[in-house]
Structure formats: structure tokens, C-alpha cells
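Engineer: This is the content of target.txt (compact mmCIF, C-alpha atoms):
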# COMPACT_ATOMS: atom_id res chain seq x y z
CA MET A 153 -10.47 139.81 -70.68
CA THR A 154 -7.03 141.29 -70.16
CA ILE A 155 -6.87 143.43 -67.05
CA GLY A 156 -4.16 146.05 -66.99
CA ARG A 157 -4.09 149.70 -66.21
CA ARG A 158 -7.46 150.05 -67.84
CA VAL A 159 -9.81 148.65 -65.25
CA PHE A 160 -13.53 148.11 -65.25
CA VAL A 161 -15.00 146.46 -62.15
CA LYS A 162 -18.72 145.84 -62.34
CA ASN A 163 -21.03 143.86 -60.09
CA GLY A 164 -24.38 145.58 -60.47
CA ALA A 165 -23.76 147.86 -57.51
CA ILE A 166 -20.55 149.53 -58.65
CA ALA A 167 -18.76 150.19 -61.87
CA LEU A 168 -15.41 151.79 -61.17
CA MET A 169 -13.48 153.01 -64.15
CA ALA A 170 -9.89 154.16 -63.93
CA MET A 171 -8.88 154.27 -67.56
CA GLY A 172 -5.14 154.58 -67.91
CA LEU A 173 -4.64 156.38 -64.60
CA PRO A 174 -3.02 159.40 -66.23
CA PRO A 175 -0.72 161.75 -64.30
CA GLY A 176 -3.57 164.14 -63.66
CA PHE A 177 -5.25 161.40 -61.63
CA LEU A 178 -2.13 160.40 -59.76
CA PHE A 179 -1.32 163.91 -58.60
CA ARG A 180 -4.52 165.91 -58.89
CA PRO A 181 -5.59 167.94 -55.87
CA LEU A 182 -8.15 166.19 -53.72
CA LEU A 183 -10.56 169.08 -53.96
CA ALA A 184 -12.93 168.38 -51.14
CA GLY A 185 -16.34 169.95 -51.31
CA THR A 186 -16.41 173.49 -50.03
CA ARG A 187 -19.33 175.51 -48.87
CA GLY A 188 -20.95 178.80 -49.59
CA SER A 189 -19.55 180.90 -52.41
CA ASP A 190 -16.60 178.50 -52.82
CA ARG A 191 -18.72 175.47 -53.69
CA LYS A 192 -17.84 173.78 -56.94
CA LYS A 193 -20.09 174.21 -59.96
CA THR A 194 -21.98 171.13 -61.06
CA LEU A 195 -23.64 170.09 -64.31
CA VAL A 196 -26.38 167.44 -64.08
CA CYS A 197 -27.13 165.86 -67.47
CA ILE A 198 -30.34 163.94 -68.07
CA PHE A 199 -30.37 161.91 -71.28
CA GLN A 200 -33.85 161.20 -72.68
CA ARG A 201 -32.69 158.08 -74.44
CA GLY A 202 -34.88 156.97 -77.34
CA ALA A 203 -35.67 160.32 -79.02
CA VAL A 204 -38.42 162.30 -77.31
CA ASP A 205 -41.07 164.07 -79.38
CA GLY A 206 -39.98 167.64 -78.71
CA LEU A 207 -43.04 169.01 -80.49
CA SER A 208 -45.24 167.45 -77.79
CA MET A 209 -42.83 168.30 -75.01
CA VAL A 210 -42.59 172.02 -75.90
CA VAL A 211 -45.55 172.60 -78.17
CA PRO A 212 -45.36 175.25 -80.96
CA PHE A 213 -49.10 175.94 -80.83
CA GLY A 214 -48.51 179.36 -82.35
CA ASP A 215 -47.35 177.79 -85.60
CA SER A 216 -50.48 177.24 -87.69
CA ALA A 217 -48.94 174.22 -89.40
CA TYR A 218 -48.65 172.33 -86.10
CA ALA A 219 -52.34 171.55 -85.62
CA GLY A 220 -52.69 170.59 -89.27
CA SER A 221 -49.97 167.96 -88.92
CA ARG A 222 -51.43 166.01 -86.02
CA ARG A 223 -54.65 164.51 -84.75
CA ALA A 224 -54.11 161.59 -82.37
CA THR A 225 -50.96 163.21 -80.92
CA LEU A 226 -52.16 166.84 -80.98
CA ILE A 227 -51.61 168.89 -77.82
CA PRO A 228 -54.30 171.62 -77.99
CA ALA A 229 -53.42 175.29 -77.65
CA PRO A 230 -53.73 176.71 -74.12
CA ARG A 231 -57.28 177.15 -72.89
CA ARG A 232 -58.13 178.91 -69.67
CA GLY A 233 -59.88 176.54 -67.33
CA ALA A 234 -58.62 173.51 -69.25
CA GLU A 235 -55.01 173.46 -68.11
CA GLU A 236 -54.95 169.67 -67.75
CA ALA A 237 -56.21 169.19 -71.30
CA SER A 238 -54.15 171.74 -73.21
CA ALA A 239 -50.63 173.13 -73.48
CA LEU A 240 -49.39 175.31 -70.64
CA ASP A 241 -48.66 178.70 -72.15
CA LEU A 242 -45.03 179.80 -71.94
CA ASP A 243 -44.80 182.88 -74.14
CA GLY A 244 -47.85 183.05 -76.39
CA PHE A 245 -46.29 180.81 -79.05
CA PHE A 246 -44.86 177.82 -77.18
CA GLY A 247 -46.43 175.76 -74.41
CA LEU A 248 -45.41 172.85 -72.21
CA HIS A 249 -47.18 169.53 -72.33
CA PRO A 250 -49.79 169.62 -69.51
CA ALA A 251 -48.08 166.66 -67.81
CA MET A 252 -45.09 168.96 -67.25
CA ALA A 253 -46.90 171.40 -64.97
CA PRO A 254 -44.21 171.30 -62.23
CA LEU A 255 -41.67 172.64 -64.73
CA GLY A 256 -44.13 175.22 -66.02
CA ASP A 257 -44.04 176.85 -62.61
CA LEU A 258 -40.24 176.97 -62.71
CA PHE A 259 -40.32 178.51 -66.20
CA GLN A 260 -42.71 181.24 -65.09
CA ARG A 261 -40.45 182.00 -62.10
CA GLY A 262 -37.53 182.48 -64.48
CA GLU A 263 -35.71 179.37 -63.26
CA MET A 264 -35.95 177.28 -66.44
CA ALA A 265 -35.22 177.96 -70.10
CA VAL A 266 -35.91 176.04 -73.29
CA VAL A 267 -33.77 175.77 -76.40
CA HIS A 268 -35.83 174.64 -79.39
CA ALA A 269 -34.88 173.39 -82.85
CA VAL A 270 -31.60 172.10 -81.39
CA GLY A 271 -29.73 168.90 -82.11
CA SER A 272 -27.10 167.19 -84.22
CA PRO A 273 -26.37 168.32 -87.78
CA HIS A 274 -25.71 164.73 -88.79
CA PRO A 275 -28.63 163.21 -90.74
CA THR A 276 -28.62 159.76 -89.11
CA ARG A 277 -31.90 158.36 -87.85
CA SER A 278 -30.14 155.53 -85.99
CA HIS A 279 -30.62 155.72 -82.22
CA PHE A 280 -27.25 154.13 -81.56
CA ASP A 281 -25.24 156.35 -83.88
CA ALA A 282 -27.04 159.54 -82.85
CA GLN A 283 -26.59 158.79 -79.14
CA ASP A 284 -22.90 158.11 -79.66
CA PHE A 285 -22.47 161.32 -81.66
CA MET A 286 -24.16 163.38 -78.94
CA GLU A 287 -22.26 161.70 -76.13
CA THR A 288 -18.87 162.03 -77.78
CA GLY A 289 -19.65 165.53 -79.05
CA THR A 290 -18.44 164.60 -82.53
CA PRO A 291 -21.38 164.16 -84.96
CA GLY A 292 -20.52 161.87 -87.85
CA GLU A 293 -17.27 160.64 -86.29
CA LYS A 294 -17.55 157.04 -85.11
CA ASN A 295 -13.95 156.65 -83.93
CA THR A 296 -14.02 159.12 -81.03
CA LYS A 297 -12.90 157.25 -77.94
CA GLU A 298 -13.80 159.72 -75.20
CA GLY A 299 -17.05 161.33 -74.15
CA TRP A 300 -17.46 165.10 -74.12
CA LEU A 301 -18.09 165.19 -70.37
CA ASN A 302 -14.86 163.31 -69.71
CA ARG A 303 -13.01 165.86 -71.81
CA VAL A 304 -14.66 168.61 -69.76
CA LEU A 305 -13.22 167.04 -66.61
CA GLN A 306 -9.80 166.84 -68.21
CA GLU A 307 -9.85 170.48 -69.27
CA THR A 308 -11.13 171.86 -65.96
CA GLU A 309 -9.05 169.69 -63.66
CA CYS A 310 -6.45 172.21 -62.55
CA SER A 311 -5.97 175.62 -64.12
CA ASP A 312 -2.25 175.56 -63.30
CA CYS A 313 -1.72 172.13 -64.90
CA ARG A 314 -3.82 172.37 -68.06
CA GLY A 315 -1.99 171.44 -71.21
CA ARG A 316 1.12 170.19 -69.46
CA THR A 317 0.53 166.47 -69.83
CA LEU A 318 3.24 165.17 -72.11
CA SER A 319 2.32 163.42 -75.34
CA ASP A 320 3.70 160.13 -74.05
CA GLY A 321 1.58 160.37 -70.89
CA SER A 322 4.57 160.90 -68.59
CA MET A 323 4.41 163.06 -65.50
CA HIS A 324 4.55 166.82 -65.74
CA ASP A 325 5.44 169.41 -63.11
CA ALA A 326 5.52 166.83 -60.36
CA ASP A 327 6.67 169.32 -57.72
CA HIS A 328 3.69 171.53 -58.42
CA ALA A 329 1.29 168.59 -58.32
CA VAL A 330 2.73 167.11 -55.12
CA GLY A 331 2.58 170.53 -53.53
CA GLN A 332 -1.10 170.75 -54.38
CA ILE A 333 -1.76 167.38 -52.76
CA GLY A 334 0.14 168.45 -49.67
CA MET A 335 -2.27 171.34 -49.24
CA ALA A 336 -5.38 169.25 -49.80
CA THR A 337 -7.89 168.02 -47.26
CA THR A 338 -8.37 164.33 -46.74
CA VAL A 339 -11.77 164.09 -48.45
CA PRO A 340 -11.44 162.75 -52.02
CA SER A 341 -12.96 164.44 -55.01
CA LEU A 342 -15.46 162.53 -57.15
CA ARG A 343 -15.65 164.85 -60.13
CA GLY A 344 -17.58 162.70 -62.60
CA LEU A 345 -20.45 160.44 -61.55
CA ALA A 346 -23.25 158.52 -63.28
CA ILE A 347 -26.12 156.87 -61.47
CA GLY A 348 -26.84 153.71 -63.42
CA PRO A 349 -25.62 150.17 -64.08
CA ALA A 350 -22.95 151.20 -66.59
CA LEU A 351 -20.81 154.18 -67.40
CA PRO A 352 -22.40 156.27 -70.19
CA LYS A 353 -20.29 157.07 -73.22
CA SER A 354 -20.38 160.75 -72.25
CA LEU A 355 -18.16 159.99 -69.25
CA GLU A 356 -15.82 157.46 -70.82
CA GLY A 357 -12.23 158.59 -71.19
CA SER A 358 -8.89 159.06 -69.49
CA HIS A 359 -10.24 160.97 -66.51
CA PRO A 360 -11.48 158.51 -63.86
CA THR A 361 -15.24 158.55 -63.39
CA LEU A 362 -17.64 156.44 -61.41
CA ALA A 363 -20.91 154.66 -62.26
CA ILE A 364 -23.11 153.51 -59.40
CA SER A 365 -26.37 151.65 -59.84
CA ASP A 366 -27.54 152.00 -56.24
CA LEU A 367 -25.93 153.86 -53.34
CA ALA A 368 -27.84 151.69 -50.87
CA ARG A 369 -25.93 148.64 -52.12
CA PHE A 370 -22.68 150.46 -52.70
CA SER A 371 -20.32 148.16 -50.89
CA GLY A 372 -18.34 146.83 -53.83
CA ASP A 373 -17.38 143.29 -54.62
CA GLU A 374 -14.52 142.14 -52.41
CA SER A 375 -13.03 140.13 -55.26
CA GLY A 376 -13.17 143.18 -57.50
CA ARG A 377 -11.54 145.29 -54.84
CA GLY A 378 -8.83 142.69 -54.38
CA ALA A 379 -8.02 142.69 -58.07
CA PHE A 380 -7.88 146.47 -58.10
CA GLU A 381 -5.62 146.56 -55.07
CA ARG A 382 -3.25 143.97 -56.51
CA LEU A 383 -2.91 146.00 -59.70
CA TYR A 384 -2.45 149.44 -58.23
CA ARG A 385 -1.32 149.13 -54.63
CA THR A 386 2.31 148.22 -54.00
CA ASP A 387 4.53 147.89 -50.98
CA HIS A 388 6.62 150.87 -52.00
CA GLY A 389 4.15 153.71 -51.46
CA ASP A 390 4.64 154.81 -55.06
CA GLN A 391 2.44 156.91 -57.33
CA ILE A 392 0.32 153.97 -58.47
CA SER A 393 -0.33 153.02 -54.86
CA SER A 394 -1.39 156.59 -54.11
CA ALA A 395 -3.87 156.46 -56.97
CA ALA A 396 -5.39 153.27 -55.56
CA ASP A 397 -5.60 154.81 -52.10
CA GLU A 398 -7.49 157.78 -53.53
CA ALA A 399 -9.88 155.54 -55.46
CA PHE A 400 -10.75 153.52 -52.36
CA ASP A 401 -11.06 156.66 -50.25
CA ALA A 402 -13.70 157.77 -52.74
CA VAL A 403 -15.49 154.45 -52.35
CA ARG A 404 -15.47 154.82 -48.57
CA VAL A 405 -16.98 158.30 -48.79
CA LEU A 406 -19.88 156.97 -50.84
CA GLU A 407 -20.34 154.02 -48.52
CA GLY A 408 -20.77 156.44 -45.64
CA LEU A 409 -23.66 158.36 -47.18
CA ASP A 410 -26.30 155.93 -45.83
CA PRO A 411 -28.94 156.60 -48.50
CA GLU A 412 -31.62 154.63 -46.68
CA ARG A 413 -31.75 157.38 -44.06
CA TYR A 414 -31.67 160.22 -46.56
CA ARG A 415 -34.66 162.55 -46.45
CA PRO A 416 -35.08 165.11 -49.25
CA ASP A 417 -35.38 168.74 -48.23
CA ARG A 418 -38.25 171.16 -48.79
CA GLY A 419 -40.83 168.43 -49.28
CA ALA A 420 -39.24 167.21 -52.51
CA ALA A 421 -41.13 164.13 -53.77
CA TYR A 422 -39.20 162.10 -56.32
CA PRO A 423 -41.22 159.82 -58.62
CA ASN A 424 -41.15 156.10 -57.93
CA GLY A 425 -38.78 154.07 -60.08
CA SER A 426 -35.16 154.05 -61.14
CA PHE A 427 -35.18 157.60 -62.56
CA GLY A 428 -36.47 159.16 -59.35
CA ASP A 429 -34.00 157.05 -57.38
CA SER A 430 -31.16 158.26 -59.62
CA LEU A 431 -31.97 161.92 -59.10
CA ARG A 432 -32.42 161.50 -55.34
CA GLN A 433 -28.99 159.90 -55.13
CA ILE A 434 -27.46 162.65 -57.26
CA ALA A 435 -28.90 165.19 -54.82
CA GLN A 436 -27.45 163.29 -51.88
CA VAL A 437 -23.99 163.09 -53.42
CA ILE A 438 -24.01 166.78 -54.35
CA LYS A 439 -25.01 167.72 -50.81
CA ALA A 440 -22.26 165.45 -49.41
CA ASP A 441 -19.72 167.96 -50.77
CA VAL A 442 -17.40 165.39 -52.32
CA GLY A 443 -16.59 167.58 -55.30
CA VAL A 444 -19.02 166.33 -57.96
CA GLU A 445 -18.80 168.55 -61.05
CA VAL A 446 -20.58 166.35 -63.59
CA ALA A 447 -23.47 163.99 -62.79
CA PHE A 448 -25.40 161.91 -65.31
CA ALA A 449 -28.75 160.11 -65.32
CA ASP A 450 -30.76 158.31 -68.01
CA LEU A 451 -34.48 158.11 -68.65
CA GLY A 452 -35.53 155.88 -71.53
CA GLY A 453 -38.85 154.99 -73.13
CA TRP A 454 -39.22 157.85 -75.62
CA ASP A 455 -39.36 155.84 -78.87
CA THR A 456 -43.09 156.37 -79.49
CA HIS A 457 -43.70 154.86 -82.93
CA ALA A 458 -47.23 153.80 -82.00
CA ASN A 459 -49.91 154.83 -79.51
CA GLN A 460 -47.95 157.86 -78.39
CA GLY A 461 -50.99 159.59 -76.97
CA ALA A 462 -51.64 163.28 -76.60
CA VAL A 463 -52.45 164.98 -73.27
CA GLN A 464 -52.74 161.47 -71.85
CA GLY A 465 -51.05 158.22 -72.80
CA ALA A 466 -47.58 156.73 -72.92
CA LEU A 467 -45.69 159.92 -73.69
CA ALA A 468 -47.63 161.92 -71.11
CA ARG A 469 -46.75 159.42 -68.39
CA ARG A 470 -43.06 159.59 -69.26
CA LEU A 471 -43.11 163.41 -69.38
CA ALA A 472 -44.79 163.48 -65.98
CA GLU A 473 -42.03 161.27 -64.57
CA LEU A 474 -39.35 163.50 -66.07
CA SER A 475 -40.97 166.67 -64.75
CA ARG A 476 -41.63 165.37 -61.26
CA GLY A 477 -38.04 164.15 -61.04
CA ILE A 478 -36.47 167.42 -62.17
CA SER A 479 -38.80 169.47 -59.99
CA ALA A 480 -37.96 167.32 -56.96
CA LEU A 481 -34.22 167.60 -57.61
CA HIS A 482 -34.54 171.38 -57.95
CA ALA A 483 -36.46 171.64 -54.67
CA ASP A 484 -34.21 169.21 -52.83
CA LEU A 485 -31.04 171.13 -53.72
CA GLY A 486 -32.56 174.45 -52.68
CA ASP A 487 -30.03 177.27 -52.66
CA ARG A 488 -27.42 174.87 -54.02
CA MET A 489 -29.13 175.31 -57.38
CA GLU A 490 -27.12 178.54 -57.62
CA ASP A 491 -24.13 176.28 -58.32
CA VAL A 492 -25.95 173.61 -60.35
CA VAL A 493 -27.23 173.48 -63.93
CA ILE A 494 -29.64 170.70 -64.95
CA LEU A 495 -29.66 170.01 -68.70
CA THR A 496 -31.86 167.59 -70.65
CA MET A 497 -30.94 166.13 -74.04
CA SER A 498 -32.16 163.52 -76.53
CA GLU A 499 -30.46 162.09 -79.60
CA PHE A 500 -32.95 163.49 -82.12
CA GLY A 501 -36.59 164.53 -82.40
CA ARG A 502 -39.54 162.97 -84.17
CA THR A 503 -41.47 163.58 -87.36
CA VAL A 504 -43.78 166.56 -87.57
CA ARG A 505 -46.58 164.47 -89.04
CA GLU A 506 -47.79 161.53 -87.02
CA ASN A 507 -47.91 158.09 -88.60
CA GLY A 508 -50.83 155.76 -89.17
CA THR A 509 -50.48 154.01 -85.80
CA GLY A 510 -50.91 157.09 -83.66
CA GLY A 511 -47.22 157.62 -83.18
CA THR A 512 -44.27 159.54 -84.60
CA ASP A 513 -41.14 158.30 -86.32
CA HIS A 514 -37.47 159.23 -86.09
CA GLY A 515 -36.90 162.88 -86.86
CA HIS A 516 -34.22 165.55 -86.66
CA ALA A 517 -34.15 168.65 -84.41
CA ASN A 518 -35.54 168.63 -80.88
CA CYS A 519 -35.62 170.71 -77.70
CA MET A 520 -33.58 170.92 -74.50
CA LEU A 521 -34.44 172.17 -71.01
CA ALA A 522 -31.98 173.99 -68.74
CA LEU A 523 -32.47 174.97 -65.11
CA GLY A 524 -30.51 176.55 -62.30
CA GLY A 525 -27.17 178.22 -61.91
CA SER A 526 -26.97 181.33 -64.02
CA VAL A 527 -29.47 180.05 -66.61
CA ARG A 528 -31.43 182.91 -68.16
CA GLY A 529 -34.82 181.39 -67.45
CA GLY A 530 -38.31 182.26 -68.55
CA GLU A 531 -37.47 182.19 -72.26
CA VAL A 532 -37.69 179.84 -75.23
CA LEU A 533 -34.41 180.37 -77.05
CA GLY A 534 -33.27 179.62 -80.59
CA ASP A 535 -34.49 180.50 -84.07
CA TRP A 536 -37.80 178.86 -84.92
CA PRO A 537 -37.62 177.43 -88.47
CA GLY A 538 -41.34 176.89 -88.97
CA LEU A 539 -43.41 173.79 -89.73
CA GLU A 540 -44.68 174.47 -93.23
CA ILE A 541 -43.69 171.70 -95.62
CA GLU A 542 -41.06 173.80 -97.38
CA GLN A 543 -39.49 174.68 -93.99
CA LEU A 544 -39.03 171.10 -92.83
CA TYR A 545 -35.83 169.12 -92.91
CA GLU A 546 -36.12 166.64 -95.77
CA GLY A 547 -39.78 167.60 -96.01
CA ARG A 548 -40.70 165.78 -92.79
CA ASP A 549 -38.81 166.96 -89.69
CA LEU A 550 -38.22 170.03 -87.58
CA ALA A 551 -35.17 171.74 -89.05
CA LEU A 552 -32.06 172.40 -87.01
CA THR A 553 -31.12 175.98 -86.14
CA THR A 554 -28.87 175.34 -83.11
CA ASP A 555 -26.06 172.79 -83.00
CA PHE A 556 -26.14 170.93 -79.67
CA ARG A 557 -22.41 171.63 -79.25
CA ASP A 558 -23.15 175.34 -79.02
CA VAL A 559 -25.51 174.70 -76.09
CA PHE A 560 -23.02 172.37 -74.42
CA GLY A 561 -20.20 174.82 -75.12
CA GLU A 562 -22.01 177.79 -73.63
CA ILE A 563 -22.75 175.91 -70.42
CA VAL A 564 -19.25 174.46 -70.19
CA ARG A 565 -17.63 177.87 -70.65
CA ARG A 566 -19.94 180.06 -68.60
CA HIS A 567 -20.90 177.61 -65.86
CA LEU A 568 -17.95 175.23 -65.50
CA GLY A 569 -15.29 177.69 -66.61
CA ALA A 570 -13.67 175.71 -69.42
CA ASP A 571 -11.70 177.82 -71.88
CA ARG A 572 -10.28 175.50 -74.52
CA LEU A 573 -13.51 174.31 -76.05
CA GLU A 574 -11.74 173.12 -79.17
CA ARG A 575 -10.34 170.29 -77.05
CA ILE A 576 -13.77 169.38 -75.74
CA PHE A 577 -15.44 169.49 -79.16
CA PRO A 578 -12.68 168.50 -81.59
CA GLY A 579 -13.29 169.36 -85.21
CA TYR A 580 -15.87 172.03 -84.38
CA GLU A 581 -15.23 175.73 -83.97
CA ILE A 582 -17.14 177.06 -80.99
CA ARG A 583 -17.96 180.72 -81.54
CA GLU A 584 -19.68 182.80 -78.90
CA GLU A 585 -21.82 184.55 -81.49
CA ARG A 586 -23.60 181.21 -81.95
CA PHE A 587 -24.41 180.96 -78.23
CA ARG A 588 -28.11 181.40 -77.54
CA GLY A 589 -27.78 183.55 -74.44
CA LEU A 590 -28.79 180.59 -72.31
CA MET A 591 -26.38 181.54 -69.54
CA ARG A 592 -26.15 184.92 -67.89
CA ILE A 593 -22.63 186.33 -67.87
CA VAL A 594 -21.74 186.79 -64.22
Any chance you could give the structure as C-alpha cells?
Structural biologist:
Amino acid sequence: MTIGRRVFVKNGAIALMAMGLPPGFLFRPLLAGTRGSDRKKTLVCIFQRGAVDGLSMVVPFGDSAYAGSRRATLIPAPRRGAEEASALDLDGFFGLHPAMAPLGDLFQRGEMAVVHAVGSPHPTRSHFDAQDFMETGTPGEKNTKEGWLNRVLQETECSDCRGRTLSDGSMHDADHAVGQIGMATTVPSLRGLAIGPALPKSLEGSHPTLAISDLARFSGDESGRGAFERLYRTDHGDQISSAADEAFDAVRVLEGLDPERYRPDRGAAYPNGSFGDSLRQIAQVIKADVGVEVAFADLGGWDTHANQGAVQGALARRLAELSRGISALHADLGDRMEDVVILTMSEFGRTVRENGTGGTDHGHANCMLALGGSVRGGEVLGDWPGLEIEQLYEGRDLALTTDFRDVFGEIVRRHLGADRLERIFPGYEIREERFRGLMRIV
């Protein structure tokens, strides 16, 4: 492995990526976390890796073709007095899986919204390709090198510097940038963060981001640190050395969080396991005010080809874990949720008709959940295409009526304040008339 200015240090506790160390990294303001109305906006992305069955997650019980398509995986229509054995009514047409009761309460309080029949327009049924397309934000394009979340960080880095990076990567407006650093506090900004053993494709790119598998063991490998220091720290106090100093300042901030002593607020109870641990650590980092704008967590286990179950079973257990985790994160952050949006996503949905082994196969459109910030909650958004055979995609799947990039774009523009969406979603024209009204305009 050739180690140069593109560095990846990984030891199971830390994966630190500084890809290219562009000028924006060398001279960006160290935007320490601020409080109150000046707090930074944050997007927390939860990837349901493996293709969740969105028709069991948010059940279209009002569509007469739904019940006729399923038996072993059928989620019954809402029944009063049988809430644990039937869908939880959302709006008279859609209902949540009963294992998702904690999120049902948030929906009814207007704090969560659903977008249904959403996904990628590309027809692939390959998990790997579909995940890559969603994480790069470029369906059908396999050569995209950067993730959409990394491009978000690039475009929202500094409103005064946007677009001034030269094509050859050389420094731009150095006086302005140095002036910004001179005004900064000493706390580093960790703008992009994933909790997991490796950096997800969504966050890969030229803006430095961090992947951490466990804050409790976040001490770094001394040999890895030494290699990083030798590459980027010099005796001359130059720009490269400054970049290294900032990177290690960020590491020191995380080391000081002491996660073993962390106690969630408002009685938040995260589920046991790596997913609950990831969300608890995301909450801790957000509350540490170190400038996190994008956080990412994974939850796998959604590829239910056989023995999927209905109100109980494998899928129900996974949905319960998802719901308890999101509900705990929402409670733990408290009033900070005004500045946070939580968004779920999955690479594609599953077939409308179940298969012969009590499961569902790879499908097309799916659903997403959004909570917090200025989300217009209490609604199921999007155009419902219907489940009759002639309404299905390729005669078997839920048809797509909302491109996932329009959901991402609406949140990025109205929550994170990005303007040049064509740079975040290259090759796709984002038009506000295709937004679903997911975010209130404030």
C-alpha cells in the first residue's frame, strides 16, 4: 500500500480519512460548536442496509390489493384493542408495523413524517450496486468517486469560500482563510462522522471525515499516529503541519468525551447491540458541540428472502430495534432536535407478493422516515402508485414516484442550507416543484 497524501489509518477503533487534504481543510474555520439559536444544523443518516420491506414497515392497508398479495407476511389492518397484532393507524390508509410503536407516538405528535414510493430510478436489484448508487447520489453511474454527504460538506463549508478552489487544487484566497482561522476558537470542528468500523461510501471524498467504531476505545494506534505525523507534520510550521495539528486536536476532543460515563437524558433507553451503541455515541458527540453536521449509522439484516414473519418474527425484531434506537436518540437529544434531522434510507424495497418460503425478494421503491428539525411531521408524503398488477413496476414491485435525490435535496437545501445542489447530485436537475413538502420553510 502506498501511503501519501491520501491516508487511511484503521485499527478497529479508529478510521481517520484525510483524502488529499484540500485547501478547504488546511484553512477552513475551526467552527466550534455553538449553543442556542447559533448551533449548527445536523443531519443523522441511518442506512437500513439489505433492502427493508417498506410495505411491512409502513403498511398500505387501505389499498385493497395489499391483503390479496400476502399471507405469511401480512400485517393486518388496524384493529382497536389489538394494537400489538395489527398495523398502527397513521392516516386511515397507511399504518406502521406494530413493532414500531415508539415511532407511532412521534408521528401522531407531528414529529415524524414518512415518504413512500421513494427510491432509485435505476432498475438494478443488486444490493451492492444499489447501495453505491444511493450513497454516491448518482444512480446508474459506477465511476463516481465521492459520496453525496461528502459533497454536502464541501458545498456548505464556508459561504465566503464556496467555488473558489482552483481546478488544480491550489490555495485560494489565503488571506481570507487565514483571517477566518485567526478568529476561530480552539475547539476543532468534526463536520462529518460515521459510527462504525469503516467509512461509508456516502462520506468518502475530498472533505476529511471520520469513522469511529467505538468511542470507548478511541485512543488510536500509536504507530498509525506516528505515520500520520511523519507525513503531515513538519518542523517548519507550514500549512501541512497545521492540517495535522487540527486532525489530532479533533482526536483529542473525542478522546475526552469519556463515553463510559455518559448517561442519556430524559430516560432514553437505547437498544442493546451495535446499532444502539452507535446512536448513543452520535448523541454524545452532537451534545459535545464539536461541530458535527453529518452523522451516519448502519443497521443491517433486512434481506428477508425467507421466514420474514409478520407482526412477529425476524423483520419485526429488526424494526423494533430500529424504532427503539431512533426513539431513544430523539429523546436523548431533547430540544437539540430543533437543529437535527434524522433520515432513514434503504437501497430498494421488496416484492409486493411474498415468495414460497415466507419471505420477499428484491424489489424497487421503498419508504423513508424523517424526524426532527423543521420536518413537517404527521403526514405520509408522496404519490401512492397503487398495488394492482397493472400499477406495479415490472408487474411485481412498488412503483417509484419520488426520486431519492429529491428527498435528499430538499433536506440539504432547507435544513443544511446548501444552494448548489447540482454539485451535490451531478447529472440530475433538482427542481423544487418535485420536493414533497417534507421540510417546513422557516
Engineer: I need the residue nearest Gly452 in chain A from this list: A:Leu207, A:Val196, A:Val437, A:Leu474. Use only C-alpha atoms for the distance.
Structural biologist: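 The closest residue to Gly452 in chain A is A:Leu474.
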Engineer: One decimal, Å: what's the distance from CA of Gly529 in chain A over to CA of Gly262 in chain A, could you say?
Structural biologist: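 These atoms are spaced 4.2 Å apart.
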Engineer: Which neighbours of Pro212 in chain A fall inside 6 Å, counting all atoms listed in the file, when residues of the same chain fewer than 2 positions from it are skipped, and could you give them as number ranges by chain?
Structural biologist: A: 214-215, 245-246
Engineer: Just to confirm, what's the straight-line distance from CA of Arg476 in chain A to CA of Asp241 in chain A in Å (one decimal)?
Structural biologist: 18.6 Å
Engineer: Please, what distance in Å, to one decimal, runs between CA of Leu552 in chain A and CA of Ser272 in chain A?
Structural biologist: 7.7 Å
Engineer: Identify which of the residues A:Gly524, A:Gly569, A:Gly534, A:Gly461 lies closest to His268 in chain A, counting only C-alpha atoms when measuring atom-to-atom distances.
Structural biologist: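 Nearest candidate to His268 in chain A out of A:Gly524, A:Gly569, A:Gly534, A:Gly461: A:Gly534.
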Engineer: Using all atoms listed in the file, which of the listed residues (A:Arg583, A:Glu531, A:Phe199, A:Arg505) sits closest to Gln260 in chain A?
Structural biologist: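 Ranking A:Arg583, A:Glu531, A:Phe199, A:Arg505 by distance to Gln260 in chain A, first place goes to A:Glu531.
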Engineer: Quick one: residues within 8 Å of Gly357 in chain A, all atoms listed in the file, excluding same-chain residues fewer than 5 positions away - as an MDAnalysis selection string?
Structural biologist: chainID A and resid 171 297:299 302:303
Engineer: Which residues are close to Thr308 in chain A, i.e. within 8 Å by only C-alpha atoms, leaving aside same-chain residues fewer than 4 positions away? Reply as a count of residues only.
Structural biologist: 5
Engineer: Out of A:Gly428, A:Gly344, A:Gly244, A:Gly579, which residue has the shortest atom-to-atom distance to Ala472 in chain A when counting only C-alpha atoms?
Structural biologist: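 Checking each of A:Gly428, A:Gly344, A:Gly244, A:Gly579 against Ala472 in chain A, counting only C-alpha atoms, the winner is A:Gly428.
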Engineer: Which residues are close to Ala203 in chain A, i.e. within 6 Å by all atoms listed in the file, leaving aside same-chain residues fewer than 5 positions away? Reply as a list of chain:residue names.
Structural biologist: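 Final neighbour list, sorted by chain and number: A:Trp454, A:Asp455, A:Ser498, A:Glu499, A:Phe500, A:Gly501.
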Engineer: So, with all atoms listed in the file as the atoms that count, which of A:Arg223, A:Arg415, A:Arg343, A:Arg502 lies closest to Cys519 in chain A?
Structural biologist: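 Among the listed residues, A:Arg502 lies closest to Cys519 in chain A.
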Engineer: For Val446 in chain A, which residue among A:Lys192, A:His516, A:Tyr580, A:Gly589 is the nearest when counting all atoms listed in the file?
Structural biologist: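 Answer, going by the shortest atom-to-atom distance: A:Lys192.
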Engineer: Tell me which protein, DNA and RNA residues are within 12 Å of Val463 in chain A, counting all atoms listed in the file, leaving out same-chain ones fewer than 4 positions away, and put them as an NGL selection string.
Structural biologist: :A and (208-209 or 211 or 223-230 or 234-240 or 248-253 or 467-472)
Engineer: Hey, which bits of range 191-275 of chain A sit within 6 Å of range 482-496 of chain A, and for each residue what's the closest pair of atoms and how far apart in Å (one decimal), counting only C-alpha atoms, rows by chain and increasing number, as CSV?
Structural biologist:
residue,atom,partner,partner_atom,distance
A:Lys193,CA,A:Asp491,CA,4.8
A:Thr194,CA,A:Val492,CA,4.7
A:Leu195,CA,A:Val493,CA,5.0
A:Val196,CA,A:Ile494,CA,4.7
A:Cys197,CA,A:Leu495,CA,5.0
A:Ile198,CA,A:Thr496,CA,4.7
A:Phe199,CA,A:Thr496,CA,5.9
